[in-house]
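Pasting final19.tsv here (TSV, N, CA, C and O atoms):
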```
chain	number	residue	atom	x	y	z
A	21	MET	N	-4.09	-20.00	-0.08
A	21	MET	CA	-3.43	-18.79	0.40
A	21	MET	C	-2.80	-19.07	1.76
A	21	MET	O	-3.40	-19.71	2.61
A	22	ASP	N	-1.64	-18.60	2.00
A	22	ASP	CA	-0.92	-18.83	3.25
A	22	ASP	C	-1.49	-17.92	4.33
A	22	ASP	O	-1.48	-16.70	4.21
A	23	GLU	N	-1.98	-18.50	5.41
A	23	GLU	CA	-2.60	-17.74	6.48
A	23	GLU	C	-1.60	-16.95	7.31
A	23	GLU	O	-1.98	-16.12	8.13
A	24	ASN	N	-0.32	-17.20	7.12
A	24	ASN	CA	0.70	-16.50	7.89
A	24	ASN	C	1.08	-15.16	7.27
A	24	ASN	O	1.85	-14.41	7.86
A	25	TYR	N	0.57	-14.87	6.10
A	25	TYR	CA	0.89	-13.62	5.42
A	25	TYR	C	-0.36	-12.77	5.24
A	25	TYR	O	-1.47	-13.29	5.15
A	26	ILE	N	-0.16	-11.48	5.16
A	26	ILE	CA	-1.25	-10.53	4.98
A	26	ILE	C	-1.54	-10.39	3.49
A	26	ILE	O	-0.63	-10.33	2.67
A	27	SER	N	-2.82	-10.29	3.16
A	27	SER	CA	-3.25	-10.08	1.78
A	27	SER	C	-3.89	-8.70	1.65
A	27	SER	O	-4.53	-8.22	2.58
A	28	ILE	N	-3.72	-8.12	0.48
A	28	ILE	CA	-4.40	-6.88	0.13
A	28	ILE	C	-5.80	-7.30	-0.35
A	28	ILE	O	-5.90	-8.19	-1.19
A	29	PRO	N	-6.87	-6.69	0.16
A	29	PRO	CA	-8.21	-7.10	-0.28
A	29	PRO	C	-8.41	-6.90	-1.78
A	29	PRO	O	-7.78	-6.02	-2.40
A	30	ALA	N	-9.29	-7.69	-2.36
A	30	ALA	CA	-9.63	-7.54	-3.78
A	30	ALA	C	-10.17	-6.13	-4.03
A	30	ALA	O	-10.82	-5.54	-3.17
A	31	ALA	N	-9.88	-5.60	-5.21
A	31	ALA	CA	-10.34	-4.26	-5.57
A	31	ALA	C	-10.29	-4.08	-7.08
A	31	ALA	O	-9.46	-4.70	-7.76
A	32	ASP	N	-11.17	-3.26	-7.60
A	32	ASP	CA	-11.18	-2.90	-9.01
A	32	ASP	C	-11.21	-4.11	-9.93
A	32	ASP	O	-10.59	-4.13	-10.99
A	33	GLY	N	-11.92	-5.15	-9.51
A	33	GLY	CA	-12.04	-6.35	-10.33
A	33	GLY	C	-10.82	-7.26	-10.27
A	33	GLY	O	-10.76	-8.25	-10.99
A	34	CYS	N	-9.86	-6.93	-9.43
A	34	CYS	CA	-8.66	-7.76	-9.29
A	34	CYS	C	-8.74	-8.54	-7.98
A	34	CYS	O	-9.25	-8.03	-6.98
A	35	PRO	N	-8.22	-9.75	-7.96
A	35	PRO	CA	-8.27	-10.55	-6.74
A	35	PRO	C	-7.36	-9.97	-5.65
A	35	PRO	O	-6.56	-9.08	-5.90
A	36	SER	N	-7.52	-10.51	-4.46
A	36	SER	CA	-6.63	-10.09	-3.38
A	36	SER	C	-5.19	-10.48	-3.75
A	36	SER	O	-4.98	-11.41	-4.53
A	37	LEU	N	-4.25	-9.76	-3.20
A	37	LEU	CA	-2.84	-9.99	-3.50
A	37	LEU	C	-2.10	-10.30	-2.20
A	37	LEU	O	-2.20	-9.55	-1.23
A	38	LEU	N	-1.37	-11.38	-2.19
A	38	LEU	CA	-0.61	-11.80	-1.03
A	38	LEU	C	0.67	-10.99	-0.91
A	38	LEU	O	1.35	-10.73	-1.91
A	39	THR	N	0.98	-10.58	0.30
A	39	THR	CA	2.25	-9.88	0.55
A	39	THR	C	3.23	-10.85	1.22
A	39	THR	O	2.81	-11.89	1.71
A	40	PRO	N	4.48	-10.50	1.27
A	40	PRO	CA	5.45	-11.34	1.99
A	40	PRO	C	5.57	-10.96	3.47
A	40	PRO	O	6.56	-11.27	4.11
A	41	TRP	N	4.56	-10.27	3.99
A	41	TRP	CA	4.62	-9.74	5.35
A	41	TRP	C	3.65	-10.46	6.27
A	41	TRP	O	2.52	-10.72	5.90
A	42	GLY	N	4.08	-10.72	7.50
A	42	GLY	CA	3.25	-11.39	8.50
A	42	GLY	C	2.34	-10.42	9.24
A	42	GLY	O	2.35	-9.20	9.00
A	43	ASN	N	1.57	-10.96	10.17
A	43	ASN	CA	0.58	-10.19	10.91
A	43	ASN	C	1.14	-8.99	11.66
A	43	ASN	O	0.42	-8.01	11.85
A	44	GLU	N	2.37	-9.06	12.07
A	44	GLU	CA	2.94	-7.94	12.82
A	44	GLU	C	3.04	-6.67	11.97
A	44	GLU	O	3.17	-5.57	12.50
A	45	PHE	N	2.97	-6.83	10.65
A	45	PHE	CA	3.04	-5.67	9.76
A	45	PHE	C	1.68	-5.28	9.18
A	45	PHE	O	1.59	-4.40	8.33
A	46	ALA	N	0.63	-5.91	9.66
A	46	ALA	CA	-0.72	-5.63	9.16
A	46	ALA	C	-1.09	-4.15	9.23
A	46	ALA	O	-1.64	-3.61	8.26
A	47	PRO	N	-0.82	-3.44	10.33
A	47	PRO	CA	-1.19	-2.02	10.38
A	47	PRO	C	-0.49	-1.17	9.32
A	47	PRO	O	-1.09	-0.26	8.75
A	48	MET	N	0.77	-1.47	9.04
A	48	MET	CA	1.52	-0.70	8.05
A	48	MET	C	0.98	-0.98	6.64
A	48	MET	O	0.82	-0.07	5.84
A	49	ILE	N	0.68	-2.25	6.36
A	49	ILE	CA	0.15	-2.63	5.06
A	49	ILE	C	-1.22	-2.00	4.86
A	49	ILE	O	-1.50	-1.42	3.81
A	50	GLU	N	-2.07	-2.09	5.87
A	50	GLU	CA	-3.40	-1.51	5.78
A	50	GLU	C	-3.33	-0.01	5.55
A	50	GLU	O	-4.08	0.55	4.75
A	51	ARG	N	-2.42	0.65	6.24
A	51	ARG	CA	-2.27	2.11	6.05
A	51	ARG	C	-1.79	2.41	4.63
A	51	ARG	O	-2.22	3.38	4.02
A	52	GLY	N	-0.92	1.59	4.08
A	52	GLY	CA	-0.48	1.78	2.70
A	52	GLY	C	-1.64	1.66	1.73
A	52	GLY	O	-1.78	2.47	0.81
A	53	VAL	N	-2.48	0.65	1.93
A	53	VAL	CA	-3.65	0.46	1.07
A	53	VAL	C	-4.59	1.66	1.19
A	53	VAL	O	-5.05	2.21	0.19
A	54	GLN	N	-4.85	2.10	2.42
A	54	GLN	CA	-5.75	3.24	2.65
A	54	GLN	C	-5.21	4.51	2.01
A	54	GLN	O	-5.96	5.29	1.42
A	55	CYS	N	-3.93	4.72	2.14
A	55	CYS	CA	-3.31	5.93	1.59
A	55	CYS	C	-3.39	5.93	0.07
A	55	CYS	O	-3.74	6.94	-0.55
A	56	ALA	N	-3.10	4.79	-0.55
A	56	ALA	CA	-3.19	4.69	-2.00
A	56	ALA	C	-4.64	4.87	-2.46
A	56	ALA	O	-4.90	5.57	-3.45
A	57	GLN	N	-5.57	4.26	-1.75
A	57	GLN	CA	-6.98	4.38	-2.12
A	57	GLN	C	-7.45	5.82	-2.02
A	57	GLN	O	-8.19	6.30	-2.88
A	58	ALA	N	-7.02	6.51	-0.98
A	58	ALA	CA	-7.39	7.93	-0.83
A	58	ALA	C	-6.86	8.74	-1.99
A	58	ALA	O	-7.55	9.62	-2.53
A	59	TRP	N	-5.63	8.45	-2.41
A	59	TRP	CA	-5.06	9.17	-3.55
A	59	TRP	C	-5.86	8.87	-4.82
A	59	TRP	O	-6.16	9.76	-5.61
A	60	LEU	N	-6.23	7.61	-5.01
A	60	LEU	CA	-7.00	7.22	-6.20
A	60	LEU	C	-8.39	7.85	-6.21
A	60	LEU	O	-8.91	8.19	-7.27
A	61	ASP	N	-8.98	8.00	-5.04
A	61	ASP	CA	-10.35	8.52	-4.93
A	61	ASP	C	-10.44	10.03	-4.95
A	61	ASP	O	-11.53	10.58	-5.10
A	62	THR	N	-9.32	10.71	-4.77
A	62	THR	CA	-9.33	12.16	-4.67
A	62	THR	C	-8.57	12.78	-5.83
A	62	THR	O	-7.35	12.86	-5.80
A	63	PRO	N	-9.31	13.19	-6.85
A	63	PRO	CA	-8.60	13.85	-7.96
A	63	PRO	C	-7.96	15.14	-7.46
A	63	PRO	O	-8.59	15.89	-6.72
A	64	GLY	N	-6.74	15.31	-7.79
A	64	GLY	CA	-6.04	16.50	-7.33
A	64	GLY	C	-4.73	16.66	-8.04
A	64	GLY	O	-4.43	15.96	-9.00
A	65	GLU	N	-3.96	17.55	-7.51
A	65	GLU	CA	-2.69	17.88	-8.14
A	65	GLU	C	-1.49	17.24	-7.43
A	65	GLU	O	-0.36	17.45	-7.85
A	66	ILE	N	-1.73	16.48	-6.38
A	66	ILE	CA	-0.61	15.85	-5.67
A	66	ILE	C	-0.13	14.65	-6.47
A	66	ILE	O	-0.90	13.72	-6.73
A	67	PRO	N	1.13	14.66	-6.90
A	67	PRO	CA	1.66	13.53	-7.66
A	67	PRO	C	1.71	12.26	-6.80
A	67	PRO	O	1.91	12.33	-5.58
A	68	LEU	N	1.56	11.14	-7.42
A	68	LEU	CA	1.59	9.86	-6.72
A	68	LEU	C	2.90	9.67	-5.96
A	68	LEU	O	2.91	9.24	-4.81
A	69	TRP	N	4.01	9.99	-6.58
A	69	TRP	CA	5.31	9.80	-5.93
A	69	TRP	C	5.41	10.63	-4.65
A	69	TRP	O	6.00	10.19	-3.66
A	70	TRP	N	4.82	11.83	-4.66
A	70	TRP	CA	4.88	12.71	-3.49
A	70	TRP	C	4.04	12.12	-2.35
A	70	TRP	O	4.48	12.11	-1.20
A	71	GLU	N	2.87	11.62	-2.69
A	71	GLU	CA	2.01	10.99	-1.69
A	71	GLU	C	2.73	9.82	-1.01
A	71	GLU	O	2.74	9.70	0.21
A	72	LEU	N	3.34	8.98	-1.82
A	72	LEU	CA	4.08	7.84	-1.28
A	72	LEU	C	5.26	8.30	-0.43
A	72	LEU	O	5.45	7.82	0.69
A	73	ALA	N	6.04	9.22	-0.94
A	73	ALA	CA	7.24	9.67	-0.23
A	73	ALA	C	6.91	10.31	1.11
A	73	ALA	O	7.59	10.05	2.12
A	74	GLN	N	5.86	11.11	1.16
A	74	GLN	CA	5.51	11.78	2.40
A	74	GLN	C	4.89	10.83	3.42
A	74	GLN	O	5.20	10.89	4.61
A	75	ALA	N	4.02	9.95	2.96
A	75	ALA	CA	3.34	9.02	3.88
A	75	ALA	C	4.30	8.00	4.46
A	75	ALA	O	4.18	7.62	5.63
A	76	ARG	N	5.26	7.56	3.68
A	76	ARG	CA	6.18	6.53	4.18
A	76	ARG	C	7.06	7.06	5.30
A	76	ARG	O	7.54	6.30	6.14
A	77	LYS	N	7.26	8.36	5.36
A	77	LYS	CA	8.08	8.96	6.41
A	77	LYS	C	7.45	8.82	7.80
A	77	LYS	O	8.12	9.06	8.80
A	78	THR	N	6.17	8.47	7.85
A	78	THR	CA	5.50	8.34	9.14
A	78	THR	C	5.82	7.00	9.82
A	78	THR	O	5.37	6.76	10.93
A	79	PHE	N	6.57	6.15	9.13
A	79	PHE	CA	6.95	4.83	9.68
A	79	PHE	C	8.46	4.76	9.87
A	79	PHE	O	9.21	5.41	9.13
A	80	PRO	N	8.90	3.98	10.85
A	80	PRO	CA	10.35	3.81	11.03
A	80	PRO	C	11.00	3.20	9.79
A	80	PRO	O	10.39	2.39	9.09
A	81	VAL	N	12.23	3.60	9.54
A	81	VAL	CA	12.99	3.08	8.41
A	81	VAL	C	13.16	1.57	8.56
A	81	VAL	O	13.34	1.06	9.67
A	82	GLY	N	13.09	0.87	7.45
A	82	GLY	CA	13.29	-0.58	7.45
A	82	GLY	C	12.02	-1.32	7.08
A	82	GLY	O	11.27	-0.88	6.20
A	83	ASP	N	11.77	-2.42	7.75
A	83	ASP	CA	10.64	-3.29	7.41
A	83	ASP	C	9.30	-2.58	7.50
A	83	ASP	O	8.40	-2.86	6.71
A	84	CYS	N	9.14	-1.67	8.44
A	84	CYS	CA	7.86	-0.96	8.57
A	84	CYS	C	7.57	-0.12	7.32
A	84	CYS	O	6.45	-0.13	6.81
A	85	GLN	N	8.57	0.60	6.84
A	85	GLN	CA	8.39	1.37	5.61
A	85	GLN	C	8.17	0.44	4.41
A	85	GLN	O	7.33	0.73	3.56
A	86	ASP	N	8.90	-0.65	4.37
A	86	ASP	CA	8.75	-1.59	3.25
A	86	ASP	C	7.35	-2.19	3.22
A	86	ASP	O	6.75	-2.34	2.16
A	87	ALA	N	6.81	-2.53	4.39
A	87	ALA	CA	5.46	-3.09	4.46
A	87	ALA	C	4.43	-2.05	4.03
A	87	ALA	O	3.48	-2.36	3.30
A	88	PHE	N	4.61	-0.80	4.46
A	88	PHE	CA	3.72	0.28	4.03
A	88	PHE	C	3.74	0.42	2.51
A	88	PHE	O	2.70	0.48	1.86
A	89	GLU	N	4.94	0.45	1.95
A	89	GLU	CA	5.09	0.58	0.50
A	89	GLU	C	4.45	-0.60	-0.24
A	89	GLU	O	3.86	-0.41	-1.30
A	90	ALA	N	4.57	-1.80	0.31
A	90	ALA	CA	3.95	-2.96	-0.32
A	90	ALA	C	2.44	-2.77	-0.40
A	90	ALA	O	1.84	-2.99	-1.46
A	91	GLY	N	1.82	-2.36	0.68
A	91	GLY	CA	0.38	-2.11	0.67
A	91	GLY	C	0.01	-1.02	-0.31
A	91	GLY	O	-0.95	-1.16	-1.08
A	92	PHE	N	0.75	0.06	-0.31
A	92	PHE	CA	0.49	1.19	-1.19
A	92	PHE	C	0.60	0.78	-2.66
A	92	PHE	O	-0.32	0.99	-3.46
A	93	LEU	N	1.72	0.18	-3.01
A	93	LEU	CA	1.97	-0.15	-4.41
A	93	LEU	C	1.12	-1.31	-4.92
A	93	LEU	O	0.71	-1.31	-6.09
A	94	LEU	N	0.81	-2.26	-4.05
A	94	LEU	CA	-0.06	-3.35	-4.49
A	94	LEU	C	-1.48	-2.84	-4.76
A	94	LEU	O	-2.14	-3.30	-5.69
A	95	ARG	N	-1.93	-1.86	-4.00
A	95	ARG	CA	-3.25	-1.27	-4.27
A	95	ARG	C	-3.25	-0.54	-5.61
A	95	ARG	O	-4.18	-0.66	-6.39
A	96	ILE	N	-2.18	0.18	-5.91
A	96	ILE	CA	-2.05	0.85	-7.20
A	96	ILE	C	-1.98	-0.20	-8.32
A	96	ILE	O	-2.59	-0.05	-9.37
A	97	GLN	N	-1.26	-1.29	-8.08
A	97	GLN	CA	-1.16	-2.38	-9.06
A	97	GLN	C	-2.54	-2.94	-9.39
A	97	GLN	O	-2.86	-3.20	-10.56
A	98	GLN	N	-3.37	-3.11	-8.36
A	98	GLN	CA	-4.73	-3.61	-8.61
A	98	GLN	C	-5.50	-2.68	-9.54
A	98	GLN	O	-6.19	-3.12	-10.45
A	99	ARG	N	-5.38	-1.38	-9.31
A	99	ARG	CA	-6.09	-0.41	-10.14
A	99	ARG	C	-5.59	-0.49	-11.59
A	99	ARG	O	-6.36	-0.48	-12.53
A	100	LEU	N	-4.29	-0.60	-11.74
A	100	LEU	CA	-3.72	-0.67	-13.09
A	100	LEU	C	-4.13	-1.95	-13.81
A	100	LEU	O	-4.45	-1.93	-15.00
A	101	GLN	N	-4.17	-3.07	-13.10
A	101	GLN	CA	-4.57	-4.32	-13.71
A	101	GLN	C	-6.05	-4.32	-14.05
A	101	GLN	O	-6.46	-4.98	-15.00
A	102	GLY	N	-6.83	-3.58	-13.29
A	102	GLY	CA	-8.26	-3.52	-13.54
A	102	GLY	C	-8.65	-2.58	-14.67
A	102	GLY	O	-9.78	-2.61	-15.15
A	103	ALA	N	-7.70	-1.74	-15.06
A	103	ALA	CA	-8.00	-0.74	-16.11
A	103	ALA	C	-7.97	-1.35	-17.51
A	103	ALA	O	-7.36	-2.29	-17.81
```
Show the structure stored in the file as structure tokens.
Amino acid sequence: MDENYISIPAADGCPSLLTPWGNEFAPMIERGVQCAQAWLDTPGEIPLWWELAQARKTFPVGDCQDAFEAGFLLRIQQRLQGA
């Protein structure tokens, strides 16, 4: 694994997933993972797309939003692969 890139921790029986983002984007990626996990853990009526769309607005447009989305969607990918 390349130490210069951030990985999403293993979850739901799936291994960690490497992102194309460096350490400077770690907070955005971590927040994406946390946000997705909160959505997965909280049964409710909020659609997944709405959760993603609203949370991504808290980051500046560009690489910061892209890194957040990578963390968010990779965490969802892990859940889907584990199902």
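Here atom C of Tyr25 of chain A and atom CA of Trp41 of chain A stand 5.8 Å from one another.
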Calculate how many Å separate atom CA of Ala56 of chain A from atom CA of Arg95 of chain A, rounding to one decimal.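 For atom CA of Ala56 of chain A relative to atom CA of Arg95 of chain A, the distance reads 6.4 Å.
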Would you please work out which residue, of A:Met48, A:Ala73, A:Ile66, A:Cys55, is nearest to Phe88 of chain A when using all atoms listed in the file?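 Among the listed residues, the smallest separation from Phe88 of chain A belongs to A:Met48.
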Once DSSP has gone over the backbone, tell me which residues of chain A are in alpha helix (DSSP H), as a ChimeraX atom specification. /A:46-61,68-76,83-102
Residue nearest Gln101 of chain A - candidates A:Cys84, A:Cys34, A:Ala58, A:Val53, atoms counted: all atoms listed in the file: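 Of all the options, A:Cys34 lies closest to Gln101 of chain A.
For Glu50 of chain A, the residues within 7 Å (counting only C-alpha atoms, excluding itself and residues fewer than 4 positions away along the chain) are Ala46, Gln54 and Gly91 of chain A.
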Measuring between only C-alpha atoms, which one of A:Leu38, A:Asn24, A:Glu44, A:Ala31 shows the shortest distance to Asp83 of chain A?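 Closest to Asp83 of chain A of all the choices is A:Glu44.
When all atoms listed in the file are used to measure the gap to Pro35 of chain A, the shortest distance among A:Gln98, A:Glu65, A:Ala103, A:Asp86 belongs to A:Gln98.
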For the strand (DSSP E) assignment from backbone DSSP, which residues of segment 23-77 of chain A qualify? Please present them as a PyMOL selection string. chain A and resi 27-28+37-38
Please save N, CA, C and O atoms of the selected residues as a PDB file, keeping the file's coordinate frame.
```pdb
ATOM      1  N   SER A  27      -2.820 -10.290   3.160  1.00  0.00           N
ATOM      2  CA  SER A  27      -3.250 -10.080   1.780  1.00  0.00           C
ATOM      3  C   SER A  27      -3.890  -8.700   1.650  1.00  0.00           C
ATOM      4  O   SER A  27      -4.530  -8.220   2.580  1.00  0.00           O
ATOM      5  N   ILE A  28      -3.720  -8.120   0.480  1.00  0.00           N
ATOM      6  CA  ILE A  28      -4.400  -6.880   0.130  1.00  0.00           C
ATOM      7  C   ILE A  28      -5.800  -7.300  -0.350  1.00  0.00           C
ATOM      8  O   ILE A  28      -5.900  -8.190  -1.190  1.00  0.00           O
ATOM      9  N   LEU A  37      -4.250  -9.760  -3.200  1.00  0.00           N
ATOM     10  CA  LEU A  37      -2.840  -9.990  -3.500  1.00  0.00           C
ATOM     11  C   LEU A  37      -2.100 -10.300  -2.200  1.00  0.00           C
ATOM     12  O   LEU A  37      -2.200  -9.550  -1.230  1.00  0.00           O
ATOM     13  N   LEU A  38      -1.370 -11.380  -2.190  1.00  0.00           N
ATOM     14  CA  LEU A  38      -0.610 -11.800  -1.030  1.00  0.00           C
ATOM     15  C   LEU A  38       0.670 -10.990  -0.910  1.00  0.00           C
ATOM     16  O   LEU A  38       1.350 -10.730  -1.910  1.00  0.00           O
TER      17      LEU A  38
END
```
Have a look at atom CA of Phe92 of chain A and atom CA of Ile49 of chain A and let me know their distance in Å, one decimal.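 Separating atom CA of Phe92 of chain A from atom CA of Ile49 of chain A is a distance of 7.3 Å.
The smallest atom-to-atom distance between Arg76 of chain A and any of A:Gly64, A:Gly102, A:Gly52, A:Gly33, using only C-alpha atoms, is found for A:Gly52.
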Between A:Ala87, A:Val81, A:Leu68, A:Leu100, single out the one closest to Pro40 of chain A, counting only N, CA, C and O atoms.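 Among the listed residues, A:Ala87 lies closest to Pro40 of chain A.
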Could you pull out every residue with an atom within 6 Å of (-1.0, 10.5, 0.3), file coordinates, counting only N, CA, C and O atoms, and send them as a list of chain:residue names?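 Protein, DNA and RNA residues close to (-1.0, 10.5, 0.3): A:Cys55, A:Trp59, A:Trp70, A:Glu71, A:Leu72, A:Ala75.
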Requested file, chain A restricted to C-alpha atoms, as a PDB file, in the first residue's frame:
```pdb
ATOM      1  CA  MET A  21       0.000   0.000   0.000  1.00  0.00           C
ATOM      2  CA  ASP A  22       1.333   3.451  -0.853  1.00  0.00           C
ATOM      3  CA  GLU A  23       2.005   5.415   2.330  1.00  0.00           C
ATOM      4  CA  ASN A  24       1.495   8.709   0.517  1.00  0.00           C
ATOM      5  CA  TYR A  25      -2.219   8.103   0.063  1.00  0.00           C
ATOM      6  CA  ILE A  26      -5.069   7.864   2.541  1.00  0.00           C
ATOM      7  CA  SER A  27      -6.950   4.579   2.921  1.00  0.00           C
ATOM      8  CA  ILE A  28     -10.501   3.998   4.060  1.00  0.00           C
ATOM      9  CA  PRO A  29     -10.388   1.583   7.035  1.00  0.00           C
ATOM     10  CA  ALA A  30     -11.650  -1.973   6.539  1.00  0.00           C
ATOM     11  CA  ALA A  31     -15.368  -2.391   7.259  1.00  0.00           C
ATOM     12  CA  ASP A  32     -18.196  -4.874   6.801  1.00  0.00           C
ATOM     13  CA  GLY A  33     -15.785  -7.681   5.960  1.00  0.00           C
ATOM     14  CA  CYS A  34     -14.161  -5.666   3.171  1.00  0.00           C
ATOM     15  CA  PRO A  35     -10.497  -4.653   3.202  1.00  0.00           C
ATOM     16  CA  SER A  36      -9.324  -1.087   3.456  1.00  0.00           C
ATOM     17  CA  LEU A  37      -9.593   0.874   0.222  1.00  0.00           C
ATOM     18  CA  LEU A  38      -6.889   3.191  -1.061  1.00  0.00           C
ATOM     19  CA  THR A  39      -7.894   6.656  -2.233  1.00  0.00           C
ATOM     20  CA  PRO A  40      -6.035   8.853  -4.712  1.00  0.00           C
ATOM     21  CA  TRP A  41      -5.775  11.568  -2.040  1.00  0.00           C
ATOM     22  CA  GLY A  42      -2.759  12.546   0.076  1.00  0.00           C
ATOM     23  CA  ASN A  43      -2.548  13.403   3.762  1.00  0.00           C
ATOM     24  CA  GLU A  44      -3.669  16.985   3.260  1.00  0.00           C
ATOM     25  CA  PHE A  45      -7.135  15.648   2.432  1.00  0.00           C
ATOM     26  CA  ALA A  46      -7.340  13.213   5.364  1.00  0.00           C
ATOM     27  CA  PRO A  47      -9.891  15.307   7.329  1.00  0.00           C
ATOM     28  CA  MET A  48     -12.257  15.516   4.354  1.00  0.00           C
ATOM     29  CA  ILE A  49     -11.981  11.791   3.621  1.00  0.00           C
ATOM     30  CA  GLU A  50     -12.493  10.891   7.270  1.00  0.00           C
ATOM     31  CA  ARG A  51     -15.556  13.126   7.449  1.00  0.00           C
ATOM     32  CA  GLY A  52     -16.958  11.436   4.341  1.00  0.00           C
ATOM     33  CA  VAL A  53     -16.485   8.006   5.911  1.00  0.00           C
ATOM     34  CA  GLN A  54     -18.079   9.181   9.186  1.00  0.00           C
ATOM     35  CA  CYS A  55     -21.024  10.742   7.399  1.00  0.00           C
ATOM     36  CA  ALA A  56     -21.690   7.620   5.335  1.00  0.00           C
ATOM     37  CA  GLN A  57     -21.351   5.400   8.398  1.00  0.00           C
ATOM     38  CA  ALA A  58     -23.809   7.558  10.332  1.00  0.00           C
ATOM     39  CA  TRP A  59     -26.298   7.246   7.484  1.00  0.00           C
ATOM     40  CA  LEU A  60     -25.807   3.459   7.383  1.00  0.00           C
ATOM     41  CA  ASP A  61     -26.221   3.147  11.157  1.00  0.00           C
ATOM     42  CA  THR A  62     -29.311   5.327  11.439  1.00  0.00           C
ATOM     43  CA  PRO A  63     -32.405   3.912   9.817  1.00  0.00           C
ATOM     44  CA  GLY A  64     -34.498   6.791   8.677  1.00  0.00           C
ATOM     45  CA  GLU A  65     -36.204   8.512   5.864  1.00  0.00           C
ATOM     46  CA  ILE A  66     -33.306  10.659   4.646  1.00  0.00           C
ATOM     47  CA  PRO A  67     -32.314   9.455   1.171  1.00  0.00           C
ATOM     48  CA  LEU A  68     -28.651   8.668   0.615  1.00  0.00           C
ATOM     49  CA  TRP A  69     -28.342  11.212  -2.196  1.00  0.00           C
ATOM     50  CA  TRP A  70     -29.687  13.965   0.090  1.00  0.00           C
ATOM     51  CA  GLU A  71     -27.216  13.112   2.852  1.00  0.00           C
ATOM     52  CA  LEU A  72     -24.331  13.266   0.391  1.00  0.00           C
ATOM     53  CA  ALA A  73     -25.523  16.461  -1.301  1.00  0.00           C
ATOM     54  CA  GLN A  74     -26.040  18.349   1.951  1.00  0.00           C
ATOM     55  CA  ALA A  75     -22.840  17.209   3.676  1.00  0.00           C
ATOM     56  CA  ARG A  76     -20.614  17.954   0.701  1.00  0.00           C
ATOM     57  CA  LYS A  77     -21.712  21.600   0.781  1.00  0.00           C
ATOM     58  CA  THR A  78     -19.757  22.032   4.022  1.00  0.00           C
ATOM     59  CA  PHE A  79     -16.482  21.821   2.047  1.00  0.00           C
ATOM     60  CA  PRO A  80     -15.042  24.228  -0.510  1.00  0.00           C
ATOM     61  CA  VAL A  81     -15.763  23.375  -4.136  1.00  0.00           C
ATOM     62  CA  GLY A  82     -13.043  21.367  -5.847  1.00  0.00           C
ATOM     63  CA  ASP A  83     -10.609  18.862  -4.391  1.00  0.00           C
ATOM     64  CA  CYS A  84     -11.989  19.176  -0.856  1.00  0.00           C
ATOM     65  CA  GLN A  85     -15.480  18.153  -1.982  1.00  0.00           C
ATOM     66  CA  ASP A  86     -14.043  15.410  -4.186  1.00  0.00           C
ATOM     67  CA  ALA A  87     -12.046  13.972  -1.275  1.00  0.00           C
ATOM     68  CA  PHE A  88     -15.140  14.062   0.957  1.00  0.00           C
ATOM     69  CA  GLU A  89     -17.158  12.263  -1.709  1.00  0.00           C
ATOM     70  CA  ALA A  90     -14.420   9.642  -2.112  1.00  0.00           C
ATOM     71  CA  GLY A  91     -14.568   8.829   1.592  1.00  0.00           C
ATOM     72  CA  PHE A  92     -18.357   8.796   1.596  1.00  0.00           C
ATOM     73  CA  LEU A  93     -18.800   6.641  -1.488  1.00  0.00           C
ATOM     74  CA  LEU A  94     -15.974   4.235  -0.705  1.00  0.00           C
ATOM     75  CA  ARG A  95     -17.574   3.530   2.683  1.00  0.00           C
ATOM     76  CA  ILE A  96     -20.893   2.811   0.942  1.00  0.00           C
ATOM     77  CA  GLN A  97     -19.001   0.608  -1.558  1.00  0.00           C
ATOM     78  CA  GLN A  98     -17.591  -1.432   1.313  1.00  0.00           C
ATOM     79  CA  ARG A  99     -21.080  -2.036   2.678  1.00  0.00           C
ATOM     80  CA  LEU A 100     -22.366  -3.087  -0.727  1.00  0.00           C
ATOM     81  CA  GLN A 101     -19.447  -5.449  -1.313  1.00  0.00           C
ATOM     82  CA  GLY A 102     -19.940  -6.965   2.115  1.00  0.00           C
ATOM     83  CA  ALA A 103     -23.628  -7.647   1.519  1.00  0.00           C
TER      84      ALA A 103
END
```
